[in-house]
file entry.cif (mmCIF, C-alpha atoms)
data_entry
#
loop_
_atom_site.group_PDB
_atom_site.id
_atom_site.type_symbol
_atom_site.label_atom_id
_atom_site.label_comp_id
_atom_site.auth_asym_id
_atom_site.auth_seq_id
_atom_site.Cartn_x
_atom_site.Cartn_y
_atom_site.Cartn_z
ATOM 1 C CA MET T 1 101.083 88.818 96.477
ATOM 2 C CA GLY T 2 104.864 88.899 96.881
ATOM 3 C CA LYS T 3 106.751 88.211 100.082
ATOM 4 C CA VAL T 4 107.807 90.695 102.739
ATOM 5 C CA ILE T 5 111.514 90.192 103.371
ATOM 6 C CA ALA T 6 113.248 91.912 106.288
ATOM 7 C CA THR T 7 116.945 92.291 105.542
ATOM 8 C CA ILE T 8 119.773 93.814 107.561
ATOM 9 C CA THR T 9 123.449 93.371 108.437
ATOM 10 C CA THR T 10 124.680 92.890 111.998
ATOM 11 C CA SER T 11 127.940 92.409 113.823
ATOM 12 C CA VAL T 12 128.635 89.091 115.541
ATOM 13 C CA ASP T 13 127.408 90.668 118.788
ATOM 14 C CA GLY T 14 124.170 91.834 117.170
ATOM 15 C CA TYR T 15 124.731 95.525 116.438
ATOM 16 C CA VAL T 16 123.419 97.048 113.202
ATOM 17 C CA VAL T 17 125.385 100.286 113.669
ATOM 18 C CA GLY T 18 128.386 101.184 115.788
ATOM 19 C CA PRO T 19 128.565 103.875 118.485
ATOM 20 C CA ALA T 20 127.790 107.531 117.700
ATOM 21 C CA ASP T 21 125.890 106.967 114.464
ATOM 22 C CA GLY T 22 124.749 110.159 112.795
ATOM 23 C CA PRO T 23 125.299 112.411 109.782
ATOM 24 C CA GLU T 24 129.105 112.125 109.927
ATOM 25 C CA HIS T 25 129.176 108.393 110.619
ATOM 26 C CA GLY T 26 125.983 106.903 109.202
ATOM 27 C CA LEU T 27 126.796 103.402 110.453
ATOM 28 C CA GLY T 28 128.487 104.608 113.627
ATOM 29 C CA ILE T 29 132.164 104.559 114.494
ATOM 30 C CA GLY T 30 133.604 101.388 112.988
ATOM 31 C CA GLY T 31 130.225 100.428 111.579
ATOM 32 C CA GLU T 32 131.316 100.774 107.957
ATOM 33 C CA ARG T 33 132.933 97.338 108.370
ATOM 34 C CA LEU T 34 129.439 95.846 108.498
ATOM 35 C CA HIS T 35 128.959 96.728 104.839
ATOM 36 C CA TYR T 36 132.279 95.739 103.335
ATOM 37 C CA TRP T 37 130.315 92.961 101.625
ATOM 38 C CA VAL T 38 128.052 95.524 99.946
ATOM 39 C CA MET T 39 130.941 97.622 98.660
ATOM 40 C CA GLY T 40 133.142 94.738 97.565
ATOM 41 C CA GLY T 41 135.813 95.596 100.121
ATOM 42 C CA PRO T 42 136.964 98.189 102.667
ATOM 43 C CA TRP T 43 135.661 101.738 102.293
ATOM 44 C CA THR T 44 135.568 104.930 104.329
ATOM 45 C CA TYR T 45 132.933 107.569 105.054
ATOM 46 C CA ALA T 46 135.031 110.015 103.050
ATOM 47 C CA GLY T 47 134.342 107.876 99.978
ATOM 48 C CA ASP T 48 136.892 106.052 97.888
ATOM 49 C CA GLY T 49 134.903 105.166 94.807
ATOM 50 C CA HIS T 50 133.447 101.897 96.105
ATOM 51 C CA ASP T 51 129.813 101.126 95.389
ATOM 52 C CA THR T 52 127.635 98.048 94.950
ATOM 53 C CA GLU T 53 129.184 97.414 91.535
ATOM 54 C CA GLY T 54 132.185 96.090 93.443
ATOM 55 C CA MET T 55 130.118 93.356 95.097
ATOM 56 C CA HIS T 56 131.212 89.911 93.934
ATOM 57 C CA GLY T 57 131.252 86.178 94.654
ATOM 58 C CA PRO T 58 128.895 84.800 97.312
ATOM 59 C CA ASP T 59 127.935 88.335 98.360
ATOM 60 C CA ARG T 60 126.718 89.136 94.853
ATOM 61 C CA ASP T 61 124.952 85.774 94.599
ATOM 62 C CA TYR T 62 123.083 86.446 97.849
ATOM 63 C CA TYR T 63 122.181 90.014 96.841
ATOM 64 C CA GLU T 64 120.782 88.830 93.531
ATOM 65 C CA THR T 65 118.501 86.299 95.260
ATOM 66 C CA LEU T 66 117.035 89.177 97.272
ATOM 67 C CA THR T 67 116.513 91.506 94.341
ATOM 68 C CA ALA T 68 115.408 88.969 91.712
ATOM 69 C CA ASP T 69 111.691 89.650 92.315
ATOM 70 C CA LEU T 70 111.910 92.865 94.308
ATOM 71 C CA GLY T 71 109.233 95.448 93.603
ATOM 72 C CA GLY T 72 110.000 97.991 96.314
ATOM 73 C CA ALA T 73 111.204 98.557 99.848
ATOM 74 C CA VAL T 74 110.551 100.364 103.117
ATOM 75 C CA VAL T 75 113.267 102.003 105.210
ATOM 76 C CA GLY T 76 113.203 104.222 108.272
ATOM 77 C CA ARG T 77 113.996 107.934 108.188
ATOM 78 C CA ASN T 78 117.246 107.406 110.104
ATOM 79 C CA MET T 79 118.522 105.015 107.430
ATOM 80 C CA TYR T 80 117.464 107.400 104.681
ATOM 81 C CA GLU T 81 119.386 110.225 106.322
ATOM 82 C CA ALA T 82 122.376 108.078 107.273
ATOM 83 C CA GLY T 83 122.618 107.034 103.621
ATOM 84 C CA ARG T 84 122.427 110.727 102.666
ATOM 85 C CA ALA T 85 119.449 109.847 100.464
ATOM 86 C CA TRP T 86 121.804 107.836 98.265
ATOM 87 C CA GLY T 87 122.827 110.986 96.477
ATOM 88 C CA GLY T 88 119.206 112.004 95.891
ATOM 89 C CA THR T 89 118.120 109.044 93.770
ATOM 90 C CA ASN T 90 116.758 105.672 94.867
ATOM 91 C CA PRO T 91 119.317 103.041 93.756
ATOM 92 C CA PHE T 92 117.090 100.027 94.432
ATOM 93 C CA PRO T 93 114.388 98.335 92.321
ATOM 94 C CA GLY T 94 110.930 99.907 92.658
ATOM 95 C CA THR T 95 109.897 102.798 94.894
ATOM 96 C CA LEU T 96 111.684 103.251 98.223
ATOM 97 C CA VAL T 97 109.073 104.145 100.853
ATOM 98 C CA VAL T 98 110.568 106.106 103.748
ATOM 99 C CA LEU T 99 108.752 105.685 107.073
ATOM 100 C CA THR T 100 108.736 109.103 108.735
ATOM 101 C CA HIS T 101 106.574 111.434 110.789
ATOM 102 C CA ARG T 102 108.051 114.332 108.784
ATOM 103 C CA THR T 103 106.434 114.034 105.358
ATOM 104 C CA GLU T 104 106.431 117.737 104.541
ATOM 105 C CA ASP T 105 109.899 117.555 102.960
ATOM 106 C CA GLN T 106 108.961 114.807 100.507
ATOM 107 C CA PRO T 107 111.454 114.954 97.592
ATOM 108 C CA ASP T 108 110.380 115.101 93.956
ATOM 109 C CA PRO T 109 108.680 111.805 92.927
ATOM 110 C CA SER T 110 111.260 111.380 90.166
ATOM 111 C CA SER T 111 113.821 110.628 92.903
ATOM 112 C CA GLY T 112 112.108 107.282 93.554
ATOM 113 C CA PHE T 113 111.420 108.094 97.226
ATOM 114 C CA LEU T 114 107.993 108.306 98.884
ATOM 115 C CA PHE T 115 107.580 109.570 102.460
ATOM 116 C CA VAL T 116 104.756 107.907 104.437
ATOM 117 C CA ASP T 117 103.753 108.315 108.099
ATOM 118 C CA GLY T 118 102.964 105.107 110.009
ATOM 119 C CA PHE T 119 104.248 101.546 109.599
ATOM 120 C CA ASP T 120 100.991 100.001 108.383
ATOM 121 C CA ALA T 121 100.415 102.746 105.836
ATOM 122 C CA ALA T 122 104.033 102.555 104.603
ATOM 123 C CA LEU T 123 103.892 98.798 104.090
ATOM 124 C CA GLU T 124 100.484 98.976 102.404
ATOM 125 C CA ARG T 125 101.735 101.636 99.993
ATOM 126 C CA ALA T 126 104.913 99.689 99.255
ATOM 127 C CA ARG T 127 102.873 96.572 98.473
ATOM 128 C CA GLU T 128 100.591 98.526 96.160
ATOM 129 C CA LEU T 129 103.553 99.975 94.282
ATOM 130 C CA ALA T 130 105.311 96.595 94.138
ATOM 131 C CA ASP T 131 102.342 95.220 92.166
ATOM 132 C CA GLY T 132 102.639 91.614 93.312
ATOM 133 C CA LYS T 133 106.427 91.537 93.654
ATOM 134 C CA ASP T 134 108.428 91.236 96.889
ATOM 135 C CA VAL T 135 108.784 94.102 99.347
ATOM 136 C CA CYS T 136 111.929 94.520 101.411
ATOM 137 C CA LEU T 137 111.998 95.968 104.932
ATOM 138 C CA GLY T 138 115.518 97.332 104.722
ATOM 139 C CA GLY T 139 116.026 98.710 108.211
ATOM 140 C CA GLY T 140 116.855 100.128 110.555
ATOM 141 C CA ALA T 141 116.426 97.842 113.482
ATOM 142 C CA ASP T 142 113.242 99.448 114.823
ATOM 143 C CA LEU T 143 111.482 99.081 111.475
ATOM 144 C CA ILE T 144 112.356 95.395 111.291
ATOM 145 C CA ARG T 145 111.234 94.804 114.874
ATOM 146 C CA GLN T 146 107.907 96.449 114.021
ATOM 147 C CA GLY T 147 107.477 94.170 111.027
ATOM 148 C CA LEU T 148 108.279 91.034 112.989
ATOM 149 C CA ALA T 149 106.026 92.074 115.876
ATOM 150 C CA ALA T 150 103.161 92.747 113.439
ATOM 151 C CA GLY T 151 103.518 89.253 111.966
ATOM 152 C CA VAL T 152 103.874 90.526 108.398
ATOM 153 C CA VAL T 153 107.429 89.326 107.688
ATOM 154 C CA ASP T 154 107.677 86.188 105.550
ATOM 155 C CA GLU T 155 111.476 86.004 105.532
ATOM 156 C CA LEU T 156 114.329 87.371 107.623
ATOM 157 C CA ALA T 157 117.512 87.798 105.589
ATOM 158 C CA LEU T 158 120.363 88.343 108.018
ATOM 159 C CA SER T 159 123.957 89.128 107.069
ATOM 160 C CA THR T 160 126.543 88.793 109.845
ATOM 161 C CA ALA T 161 129.837 90.599 109.398
ATOM 162 C CA PRO T 162 132.940 89.134 111.121
ATOM 163 C CA VAL T 163 133.336 92.010 113.570
ATOM 164 C CA VAL T 164 132.473 92.673 117.228
ATOM 165 C CA LEU T 165 131.399 96.302 117.707
ATOM 166 C CA SER T 166 130.673 96.208 121.481
ATOM 167 C CA GLY T 167 128.353 99.186 121.187
ATOM 168 C CA GLY T 168 125.771 100.926 119.023
ATOM 169 C CA LYS T 169 122.213 99.786 118.298
ATOM 170 C CA ARG T 170 121.208 96.132 118.552
ATOM 171 C CA LEU T 171 118.801 94.510 116.115
ATOM 172 C CA PHE T 172 116.706 92.812 118.800
ATOM 173 C CA GLU T 173 117.026 95.373 121.592
ATOM 174 C CA GLY T 174 113.832 95.116 123.699
ATOM 175 C CA PHE T 175 112.247 92.529 121.397
ATOM 176 C CA ASP T 176 110.064 90.083 123.364
ATOM 177 C CA LEU T 177 108.589 87.653 120.816
ATOM 178 C CA ASP T 178 109.578 84.020 120.364
ATOM 179 C CA LEU T 179 110.301 83.469 116.660
ATOM 180 C CA GLU T 180 110.670 80.100 114.981
ATOM 181 C CA LEU T 181 112.804 80.273 111.835
ATOM 182 C CA GLU T 182 113.658 77.848 109.057
ATOM 183 C CA VAL T 183 116.965 78.156 107.198
ATOM 184 C CA LEU T 184 116.307 78.556 103.466
ATOM 185 C CA GLY T 185 119.842 79.178 102.264
ATOM 186 C CA THR T 186 123.322 80.331 103.298
ATOM 187 C CA TRP T 187 126.108 82.197 101.530
ATOM 188 C CA SER T 188 129.498 83.049 103.008
ATOM 189 C CA SER T 189 132.432 85.247 102.014
ATOM 190 C CA SER T 190 135.349 86.831 103.844
ATOM 191 C CA TYR T 191 133.121 89.868 104.508
ATOM 192 C CA ALA T 192 129.874 88.295 105.750
ATOM 193 C CA THR T 193 127.795 85.176 106.247
ATOM 194 C CA HIS T 194 124.298 85.568 104.839
ATOM 195 C CA VAL T 195 121.325 83.459 105.909
ATOM 196 C CA ARG T 196 117.772 83.608 104.585
ATOM 197 C CA TYR T 197 115.207 82.364 107.101
ATOM 198 C CA ALA T 198 111.495 81.690 106.678
ATOM 199 C CA VAL T 199 109.564 83.124 109.627
ATOM 200 C CA ARG T 200 107.307 80.278 110.746
ATOM 201 C CA ARG T 201 105.700 81.340 114.003
ATOM 202 C CA SER T 202 105.719 84.002 116.667
ATOM 203 C CA ALA T 203 104.292 83.924 120.162
ATOM 204 C CA PRO T 204 104.606 85.907 123.395
ATOM 205 C CA ALA T 205 107.851 85.198 125.169
ATOM 206 C CA VAL T 206 107.753 82.891 128.198
ATOM 207 C CA ARG T 207 108.892 84.840 131.244
#

call {"tool": "encode", "arguments": {"input": "entry.cif", "output": "C-alpha cells"}}
result
Amino acid sequence: MGKVIATITTSVDGYVVGPADGPEHGLGIGGERLHYWVMGGPWTYAGDGHDTEGMHGPDRDYYETLTADLGGAVVGRNMYEAGRAWGGTNPFPGTLVVLTHRTEDQPDPSSGFLFVDGFDAALERARELADGKDVCLGGGADLIRQGLAAGVVDELALSTAPVVLSGGKRLFEGFDLDLELEVLGTWSSSYATHVRYAVRRSAPAVR
C-alpha cells in the first residue's frame, strides 16, 4: 500500500490562508503569496496566465517528488470551492476525493472529482482508487489535522513561504498531539522552503 502524505503551504507564522478567505479571495487577503512557488512567480486572483507550468527550479523538483507515485488525493470542500473546482476538471494525478457533507451536487465523474462524506470513508475510497500508489491529503488545515490525529499520515510535506500574514487560519490551531518528525529532505527557492518529514510517533500532549 502506498503512503499517505499530508501536504500544505504555510506562512512563517503558521497560517495556511490569510484573513477573509472566501469565494473572492480563496487564500484570503494576501494569501496568494503563499503559492507563488506553485505558480512560478507572483499572481493575482484576477488571473494573469500563471499556472503550475511556470513552476521551476527547487520548487519543481520538490513537486515532482510528491507526484512521482501519486495515485490520488483528498481535499476538503472549502479548498475545492476556494480553488473554484480548478475550472471543473481535476488537474492532479488520480481521482480527487472531496470531503464534504454535501454530496448531492457531485459533478460528473469525468471531471475527476468524487464527493464523499466522512474522513474515514474519504480516505478509504482514495486508497482504493489509488490502487497501491500514494494518497495526498492536500488540505485544508482541518483535513490535515484530522489525518494526523487519526494516526494515518506517513509523511508531512510542509512548504513555508517567506511571508508573515498575522491573521487567517492556522495549520495547527487547537491541535493537541505531540508529533515526532524526521526530516527526509529539504528544497528551497526564493518563494518557499519545502521540507518532507516522516511522522514517527504521536501521543497525547503533556499539560

call {"tool": "resolve_selection", "arguments": {"input": "entry.cif", "expression": "the PyMOL selection byres ((chain T and resi 38) around 10)", "output": "count of residues only"}}
result
22

call {"tool": "residues_around", "arguments": {"input": "entry.cif", "residues": "Pro19 of chain T", "least_positions_apart": "3", "cutoff": "7 Å", "atoms": "only C-alpha atoms", "output": "list in words"}}
result
Gly28, Ile29, Gly167 and Gly168 of chain T

call {"tool": "residues_around", "arguments": {"input": "entry.cif", "residues": "Asp108 of chain T", "least_positions_apart": "5", "cutoff": "10 Å", "atoms": "all atoms listed in the file", "output": "number ranges by chain"}}
result
T: 88-89, 113-114

call {"tool": "residues_around", "arguments": {"input": "entry.cif", "residues": "segment 170-173 of chain T", "least_positions_apart": "4", "cutoff": "7 Å", "atoms": "all atoms listed in the file", "output": "NGL selection string"}}
result
:T and (14-16 or 141)

call {"tool": "resolve_selection", "arguments": {"input": "entry.cif", "expression": "the PyMOL selection byres ((chain T and resi 148) around 12)", "output": "short mmCIF file (atom, residue, chain, number, x, y, z; two decimals) with C-alpha atoms, keeping the file's coordinate frame"}}
result
data_model
loop_
_atom_site.label_atom_id
_atom_site.label_comp_id
_atom_site.auth_asym_id
_atom_site.auth_seq_id
_atom_site.Cartn_x
_atom_site.Cartn_y
_atom_site.Cartn_z
CA VAL T 4 107.81 90.70 102.74
CA ILE T 5 111.51 90.19 103.37
CA ALA T 6 113.25 91.91 106.29
CA THR T 7 116.94 92.29 105.54
CA PHE T 119 104.25 101.55 109.60
CA LEU T 137 112.00 95.97 104.93
CA GLY T 139 116.03 98.71 108.21
CA ALA T 141 116.43 97.84 113.48
CA ASP T 142 113.24 99.45 114.82
CA LEU T 143 111.48 99.08 111.48
CA ILE T 144 112.36 95.40 111.29
CA ARG T 145 111.23 94.80 114.87
CA GLN T 146 107.91 96.45 114.02
CA GLY T 147 107.48 94.17 111.03
CA ALA T 149 106.03 92.07 115.88
CA ALA T 150 103.16 92.75 113.44
CA GLY T 151 103.52 89.25 111.97
CA VAL T 152 103.87 90.53 108.40
CA VAL T 153 107.43 89.33 107.69
CA ASP T 154 107.68 86.19 105.55
CA GLU T 155 111.48 86.00 105.53
CA LEU T 156 114.33 87.37 107.62
CA LEU T 171 118.80 94.51 116.12
CA PHE T 172 116.71 92.81 118.80
CA PHE T 175 112.25 92.53 121.40
CA ASP T 176 110.06 90.08 123.36
CA LEU T 177 108.59 87.65 120.82
CA ASP T 178 109.58 84.02 120.36
CA LEU T 179 110.30 83.47 116.66
CA GLU T 180 110.67 80.10 114.98
CA LEU T 181 112.80 80.27 111.84
CA ALA T 198 111.50 81.69 106.68
CA VAL T 199 109.56 83.12 109.63
CA ARG T 200 107.31 80.28 110.75
CA ARG T 201 105.70 81.34 114.00
CA SER T 202 105.72 84.00 116.67
CA ALA T 203 104.29 83.92 120.16
#

call {"tool": "closest_residue", "arguments": {"input": "entry.cif", "among": "T:Pro93, T:Asn78, T:Thr103, T:Ser11", "to": "Thr160 of chain T", "atoms": "only C-alpha atoms"}}
result
T:Ser11

call {"tool": "closest_residue", "arguments": {"input": "entry.cif", "among": "T:Leu123, T:Leu184, T:Leu165, T:Met79", "to": "Gly138 of chain T", "atoms": "all atoms listed in the file"}}
result
T:Met79

call {"tool": "closest_residue", "arguments": {"input": "entry.cif", "among": "T:Gly26, T:Gly185, T:Gly94, T:Gly83", "to": "Lys133 of chain T", "atoms": "only C-alpha atoms"}}
result
T:Gly94

call {"tool": "residues_around", "arguments": {"input": "entry.cif", "residues": "Leu129 of chain T", "least_positions_apart": "6", "cutoff": "10 Å", "atoms": "only C-alpha atoms", "output": "PyMOL selection string"}}
result
chain T and resi 71-73+94-97+123+135

call {"tool": "resolve_selection", "arguments": {"input": "entry.cif", "expression": "the PyMOL selection byres ((chain T and resi 84) around 12)", "output": "MDAnalysis selection string"}}
result
chainID T and resid 22:27 45 77:83 85:90

call {"tool": "atom_distance", "arguments": {"input": "entry.cif", "atom1": "atom CA of Gly18 of chain T", "atom2": "atom CA of Lys169 of chain T"}}
result
6.8 Å

call {"tool": "closest_residue", "arguments": {"input": "entry.cif", "among": "T:Thr65, T:Val12, T:Leu70, T:Asp21", "to": "Arg127 of chain T", "atoms": "all atoms listed in the file"}}
result
T:Leu70

call {"tool": "closest_residue", "arguments": {"input": "entry.cif", "among": "T:Gly140, T:Gly2, T:Gly30, T:Gly76", "to": "Ala122 of chain T", "atoms": "all atoms listed in the file"}}
result
T:Gly76

call {"tool": "atom_distance", "arguments": {"input": "entry.cif", "atom1": "atom CA of Phe115 of chain T", "atom2": "atom CA of Leu66 of chain T"}}
result
23.1 Å

call {"tool": "closest_residue", "arguments": {"input": "entry.cif", "among": "T:Val164, T:Leu158, T:Leu99, T:Ala130", "to": "Tyr197 of chain T", "atoms": "all atoms listed in the file"}}
result
T:Leu158

call {"tool": "atom_distance", "arguments": {"input": "entry.cif", "atom1": "atom CA of Phe92 of chain T", "atom2": "atom CA of Thr186 of chain T"}}
result
22.5 Å
